[in-house]
Amino acid sequence: MRVLLKDGSVLEQGKWKQTDVAIENGVIVARGEQLSFPAEKVFDCRGFALFPGFVDVHVHLREPGFSYKETIATGSAACAHGGYTTVCAMPNLNPAPDNSEHLAVEEALIQGEAVIDVRPYASITMGQKGEGELTDMAALSGRVCGFSDDGRGVKTAETMREAMQKCKAADSIIAAHCEDMSWIPAGGAIHDGAFAKAHGIPGIPSESEWKPIERDIALCRETGCRYHVCHISTKESVALIRQAKAEGLPVTCETGPHYLVLCDEDLQDDGRFRMNPPIRSATDRDALLEGLLDGTIDCIATDHAPHSAEEKSGGLRGSLNGIVGLECAFPVLYTQLVQTGVVPLELLLDRLCVRPRRIFGLPGGEIAEGQPADLTVLDLDDPHVISAADFRSLGKATPFHGWGVSA
């Protein structure tokens with residue numbers, strides 16, 4: 001199949017350049033102005049921006065095991081709707097992808113249903129329990145993007161040390177959910193801040209996140225394993241990772257759109273504001289923005305985590321953790337951070353398109369000859385109001401419902 005994208009706008013070195021992109025069998029074969037190319041399909045992209053396809057290294061597609069929340073088909077359609085062409089799917093599934101047979105179940109669903117490139121994680125521990133026997137990382141590493149027990153922290157330093165040693169030997173990466181449950185009081189639902197105190201809700205202290213990160217960085221120093229920290233939310237986490245990078249350790253991290261544009265002053269007693277880790281203080285949010293700008297934070301990942309309407313109907317206290325964000329992440333980030341002058345567009349694209357690929361060994365990231373035609377086409381002048389009813393995802397719980405955005 002030959003496809004021609006006509007007169008799209010590409011951002012290079014801070015300047016927009018109008019260009020055609022010729023694609024044959026999924027590969028970019030030419031780029032330039034007024035290309036002569038015998039295409040079977042021609043798309044007029046005048047007035048639209050052409051970007052390398054967005055990557056999200058942290059999504060929950062819920063299959064196998066929880067198809068009432070999301071399916072590979074609906075989740076990957078949501079990815080495409082939001083401009084994501086490649087995503088890494090977390091392993092909190094049933095069965096968990098902890099051996100070859102269980103992983104094959106997920107792979108078959110992806111092969112049959114996904115409309116974009118979906119890369120699975122395997123779990124760190126058998127049954128994704130955060131403790132006990134480790135998975136056979138050497139056997140699984142060639143089929144997965146990395147290893148994670150997301151949703152659970154690895155409970156002990158001994159288990160994480162062994163996991164890092166095995167992961168390094170397999171030349172893979174650990175994507176760590178850093179949460180020490182011993183810090184969290186019964187009923188802990190939101191950040192231990194002013195809103196929690198004012199409403200009598202048990203608060204989740206920042207130590208529950210940054211203490212495990214501190215432990216794991218020491219283990220990374222010892223083992224040399226590539227180590228990626230999932231969904232950081234606290235200023236202490238930023239400082240620890242910044243120092244680890246200054247030491248030259250193979251440490252990377254991600255944060256989510258909601259942590260960059262919201263703080264606990266914005267909370268409402270609604271399940272669409274409950275996620276794990278929780279939205280933190282304004283000081284934490286500002287530290288995350290600083291970390292994004294100075295290169296400490298490598299990726300922006302949505303942690304797309306759909307649940308049923310019933311599971312999100314219990315307010316802050318009674319809802320399950322998790323929100324959706326694939327279909328509104330870029331409009332929110334572009335409107336709130338780029339158009340306000342807080343974050344340059346090139347930096348945002350680096351964290352959405354380039355660095356995630358580099359960290360996880362994913363192809364693409366350039367609009368250039370010989371590269372995969374892994375592209376996102378967007379209208380940057382499309383003012384509208386985000387409505388969860390328009391989402392392709394089965395999950396509708398997002399704190400951004402009703403927000404006005406400009407793209």
# chains A, B, ... in the order shown; residues from 1 in each chain; ligands from 1

call {"tool": "residues_around", "arguments": {"residues": "segment 105-117 of chain A", "least_positions_apart": "2", "cutoff": "7 Å", "atoms": "only C-alpha atoms", "output": "MDAnalysis selection string"}}
result
chainID A and resid 63:64 72:73 76:77 80 85:87 101:103 119

call {"tool": "write_last_selection", "arguments": {"atoms": "C-alpha atoms", "output": "tab-separated table (two decimals), in the first residue's frame"}}
result
chain	number	residue	atom	x	y	z
A	63	GLU	CA	-7.23	-8.34	28.89
A	64	PRO	CA	-7.05	-11.19	29.61
A	72	ILE	CA	-7.52	-4.91	23.76
A	73	ALA	CA	-9.88	-3.73	21.01
A	76	SER	CA	-6.12	0.20	21.53
A	77	ALA	CA	-8.88	2.19	19.79
A	80	ALA	CA	-5.34	5.64	18.41
A	85	THR	CA	0.70	4.51	18.09
A	86	THR	CA	2.70	2.41	20.57
A	87	VAL	CA	1.88	1.49	24.16
A	101	GLU	CA	1.99	-19.99	28.39
A	102	HIS	CA	0.31	-17.12	30.22
A	103	LEU	CA	2.09	-14.51	28.10
A	119	ARG	CA	4.03	-4.28	23.76

call {"tool": "residues_around", "arguments": {"residues": "segment 352-369 of chain A", "least_positions_apart": "6", "cutoff": "8 Å", "atoms": "only C-alpha atoms", "output": "list in words"}}
result
Val27, Ile28, Val29, Ala30, Arg31, Phe51, Pro52, Gly53, Phe54, Val55, Asp56, Val57, Cys145, Gly146, Ile173, Thr252, Asp298, Cys299, Ile300, Ala301 and Leu375 of chain A

call {"tool": "atom_distance", "arguments": {"atom1": "atom CA of Ala287 of chain A", "atom2": "atom CA of Val238 of chain A"}}
result
7.0 Å

call {"tool": "select_by_dssp", "arguments": {"residues": "segment 113-199 of chain A", "states": "strand (DSSP E or B)", "output": "ChimeraX atom specification"}}
result
/A:117-120,122,125,134,147,173-176,190-191

call {"tool": "write_last_selection", "arguments": {"atoms": "N, CA and C atoms", "output": "mmCIF file, in the first residue's frame"}}
result
data_model
loop_
_atom_site.group_PDB
_atom_site.id
_atom_site.type_symbol
_atom_site.label_atom_id
_atom_site.label_comp_id
_atom_site.auth_asym_id
_atom_site.auth_seq_id
_atom_site.Cartn_x
_atom_site.Cartn_y
_atom_site.Cartn_z
ATOM 1 N N ASP A 117 0.432 -0.639 17.898
ATOM 2 C CA ASP A 117 1.506 -1.507 18.391
ATOM 3 C C ASP A 117 1.418 -1.593 19.912
ATOM 4 N N VAL A 118 1.080 -2.762 20.428
ATOM 5 C CA VAL A 118 0.970 -2.987 21.870
ATOM 6 C C VAL A 118 2.097 -3.924 22.297
ATOM 7 N N ARG A 119 2.917 -3.480 23.245
ATOM 8 C CA ARG A 119 4.028 -4.284 23.758
ATOM 9 C C ARG A 119 3.720 -4.685 25.201
ATOM 10 N N PRO A 120 3.664 -5.964 25.495
ATOM 11 C CA PRO A 120 3.345 -6.384 26.868
ATOM 12 C C PRO A 120 4.555 -6.318 27.792
ATOM 13 N N ALA A 122 6.049 -8.380 31.150
ATOM 14 C CA ALA A 122 5.875 -9.562 31.984
ATOM 15 C C ALA A 122 6.003 -9.126 33.439
ATOM 16 N N THR A 125 7.356 -10.965 39.574
ATOM 17 C CA THR A 125 7.180 -12.133 40.436
ATOM 18 C C THR A 125 6.065 -13.025 39.898
ATOM 19 N N LEU A 134 10.518 -15.480 41.450
ATOM 20 C CA LEU A 134 10.627 -14.568 40.322
ATOM 21 C C LEU A 134 10.276 -15.279 39.021
ATOM 22 N N PHE A 147 9.884 -5.682 32.655
ATOM 23 C CA PHE A 147 9.275 -6.441 33.751
ATOM 24 C C PHE A 147 8.731 -5.482 34.806
ATOM 25 N N ILE A 173 14.710 -4.374 31.358
ATOM 26 C CA ILE A 173 14.504 -3.218 32.243
ATOM 27 C C ILE A 173 13.386 -3.532 33.231
ATOM 28 N N ILE A 174 13.545 -3.066 34.453
ATOM 29 C CA ILE A 174 12.493 -3.157 35.465
ATOM 30 C C ILE A 174 11.753 -1.828 35.520
ATOM 31 N N ALA A 175 10.425 -1.890 35.420
ATOM 32 C CA ALA A 175 9.567 -0.709 35.572
ATOM 33 C C ALA A 175 8.841 -0.861 36.900
ATOM 34 N N ALA A 176 9.283 -0.096 37.885
ATOM 35 C CA ALA A 176 8.893 -0.359 39.272
ATOM 36 C C ALA A 176 7.733 0.510 39.737
ATOM 37 N N ILE A 190 -6.247 9.422 49.490
ATOM 38 C CA ILE A 190 -5.731 10.588 48.785
ATOM 39 C C ILE A 190 -4.472 11.069 49.496
ATOM 40 N N HIS A 191 -3.819 12.062 48.917
ATOM 41 C CA HIS A 191 -2.595 12.595 49.493
ATOM 42 C C HIS A 191 -2.819 13.120 50.915
#

call {"tool": "closest_residue", "arguments": {"among": "A:Ser206, A:Ser387, A:Thr398, A:Asn276", "to": "Gly325 of chain A", "atoms": "only C-alpha atoms"}}
result
A:Thr398

call {"tool": "residues_around", "arguments": {"residues": "segment 224-234 of chain A", "least_positions_apart": "2", "cutoff": "7 Å", "atoms": "only C-alpha atoms", "output": "PyMOL selection string"}}
result
chain A and resi 164-165+167-168+173-177+206+220-222+236-238+250-256+259+277+280+284

call {"tool": "residues_around", "arguments": {"residues": "Leu11 of chain A", "least_positions_apart": "4", "cutoff": "10 Å", "atoms": "only C-alpha atoms", "output": "list of chain:residue names"}}
result
A:Lys15, A:Trp16, A:Lys17, A:Gln18, A:Ala49, A:Leu50, A:Phe51, A:Leu345, A:Glu346, A:Leu349

call {"tool": "write_last_selection", "arguments": {"atoms": "N, CA, C and O atoms", "output": "compact mmCIF listing (two decimals), in the first residue's frame"}}
result
# COMPACT_ATOMS: atom_id res chain seq x y z
N LYS A 15 10.99 25.41 14.33
CA LYS A 15 10.30 26.01 13.19
C LYS A 15 9.40 25.00 12.51
O LYS A 15 9.74 23.81 12.41
N TRP A 16 8.25 25.47 12.04
CA TRP A 16 7.32 24.61 11.32
C TRP A 16 7.70 24.59 9.84
O TRP A 16 7.98 25.63 9.24
N LYS A 17 7.70 23.40 9.26
CA LYS A 17 8.03 23.24 7.86
C LYS A 17 6.94 22.41 7.20
O LYS A 17 6.58 21.35 7.68
N GLN A 18 6.44 22.91 6.07
CA GLN A 18 5.41 22.18 5.35
C GLN A 18 6.07 21.08 4.51
O GLN A 18 7.07 21.32 3.83
N ALA A 49 -0.70 19.24 12.06
CA ALA A 49 0.66 18.94 12.50
C ALA A 49 0.93 17.46 12.34
O ALA A 49 0.08 16.62 12.65
N LEU A 50 2.14 17.13 11.86
CA LEU A 50 2.60 15.75 11.78
C LEU A 50 3.66 15.54 12.86
O LEU A 50 4.67 16.23 12.89
N PHE A 51 3.41 14.57 13.73
CA PHE A 51 4.35 14.24 14.80
C PHE A 51 4.71 12.76 14.71
O PHE A 51 3.93 11.95 14.21
N LEU A 345 6.88 23.06 23.20
CA LEU A 345 6.27 21.94 22.49
C LEU A 345 7.31 20.87 22.15
O LEU A 345 7.04 19.67 22.27
N GLU A 346 8.51 21.28 21.75
CA GLU A 346 9.55 20.30 21.42
C GLU A 346 9.87 19.41 22.61
O GLU A 346 10.10 18.19 22.46
N LEU A 349 7.04 16.87 23.08
CA LEU A 349 7.12 15.81 22.09
C LEU A 349 8.27 14.84 22.40
O LEU A 349 8.15 13.63 22.17

call {"tool": "atom_distance", "arguments": {"atom1": "atom CA of Gln13 of chain A", "atom2": "atom CA of Asp350 of chain A"}}
result
12.2 Å

call {"tool": "closest_residue", "arguments": {"among": "A:Met275, A:Val405, A:Leu394, A:Val59", "to": "Asp382 of chain A", "atoms": "only C-alpha atoms"}}
result
A:Val405

call {"tool": "atom_distance", "arguments": {"atom1": "atom CA of Asp136 of chain A", "atom2": "atom CA of Glu162 of chain A"}}
result
11.8 Å

call {"tool": "residues_around", "arguments": {"residues": "Ala194 of chain A", "least_positions_apart": "5", "cutoff": "10 Å", "atoms": "only C-alpha atoms", "output": "ChimeraX atom specification"}}
result
/A:199-200,203,264-265,281

call {"tool": "closest_residue", "arguments": {"among": "A:Leu260, A:Gln128, A:Val144, A:Leu93", "to": "Asp171 of chain A", "atoms": "only C-alpha atoms"}}
result
A:Val144

call {"tool": "residues_around", "arguments": {"residues": "Gly187 of chain A", "least_positions_apart": "5", "cutoff": "9 Å", "atoms": "only C-alpha atoms", "output": "number ranges by chain"}}
result
A: 201-203, 317

call {"tool": "closest_residue", "arguments": {"among": "A:Ser100, A:Pro212, A:Glu290, A:Val42", "to": "Ala239 of chain A", "atoms": "only C-alpha atoms"}}
result
A:Glu290

call {"tool": "closest_residue", "arguments": {"among": "A:Asp390, A:Glu133, A:Asp269, A:Glu214", "to": "Cys328 of chain A", "atoms": "only C-alpha atoms"}}
result
A:Asp390

call {"tool": "closest_residue", "arguments": {"among": "A:Val343, A:Leu219, A:Val261, A:Val332", "to": "Asp294 of chain A", "atoms": "only C-alpha atoms"}}
result
A:Val343

call {"tool": "select_by_dssp", "arguments": {"residues": "segment 167-330 of chain A", "states": "alpha helix (DSSP H)", "output": "PyMOL selection string"}}
result
chain A and resi 167-169+194-199+207-223+235-246+257-261+282-294+315-318+329-330
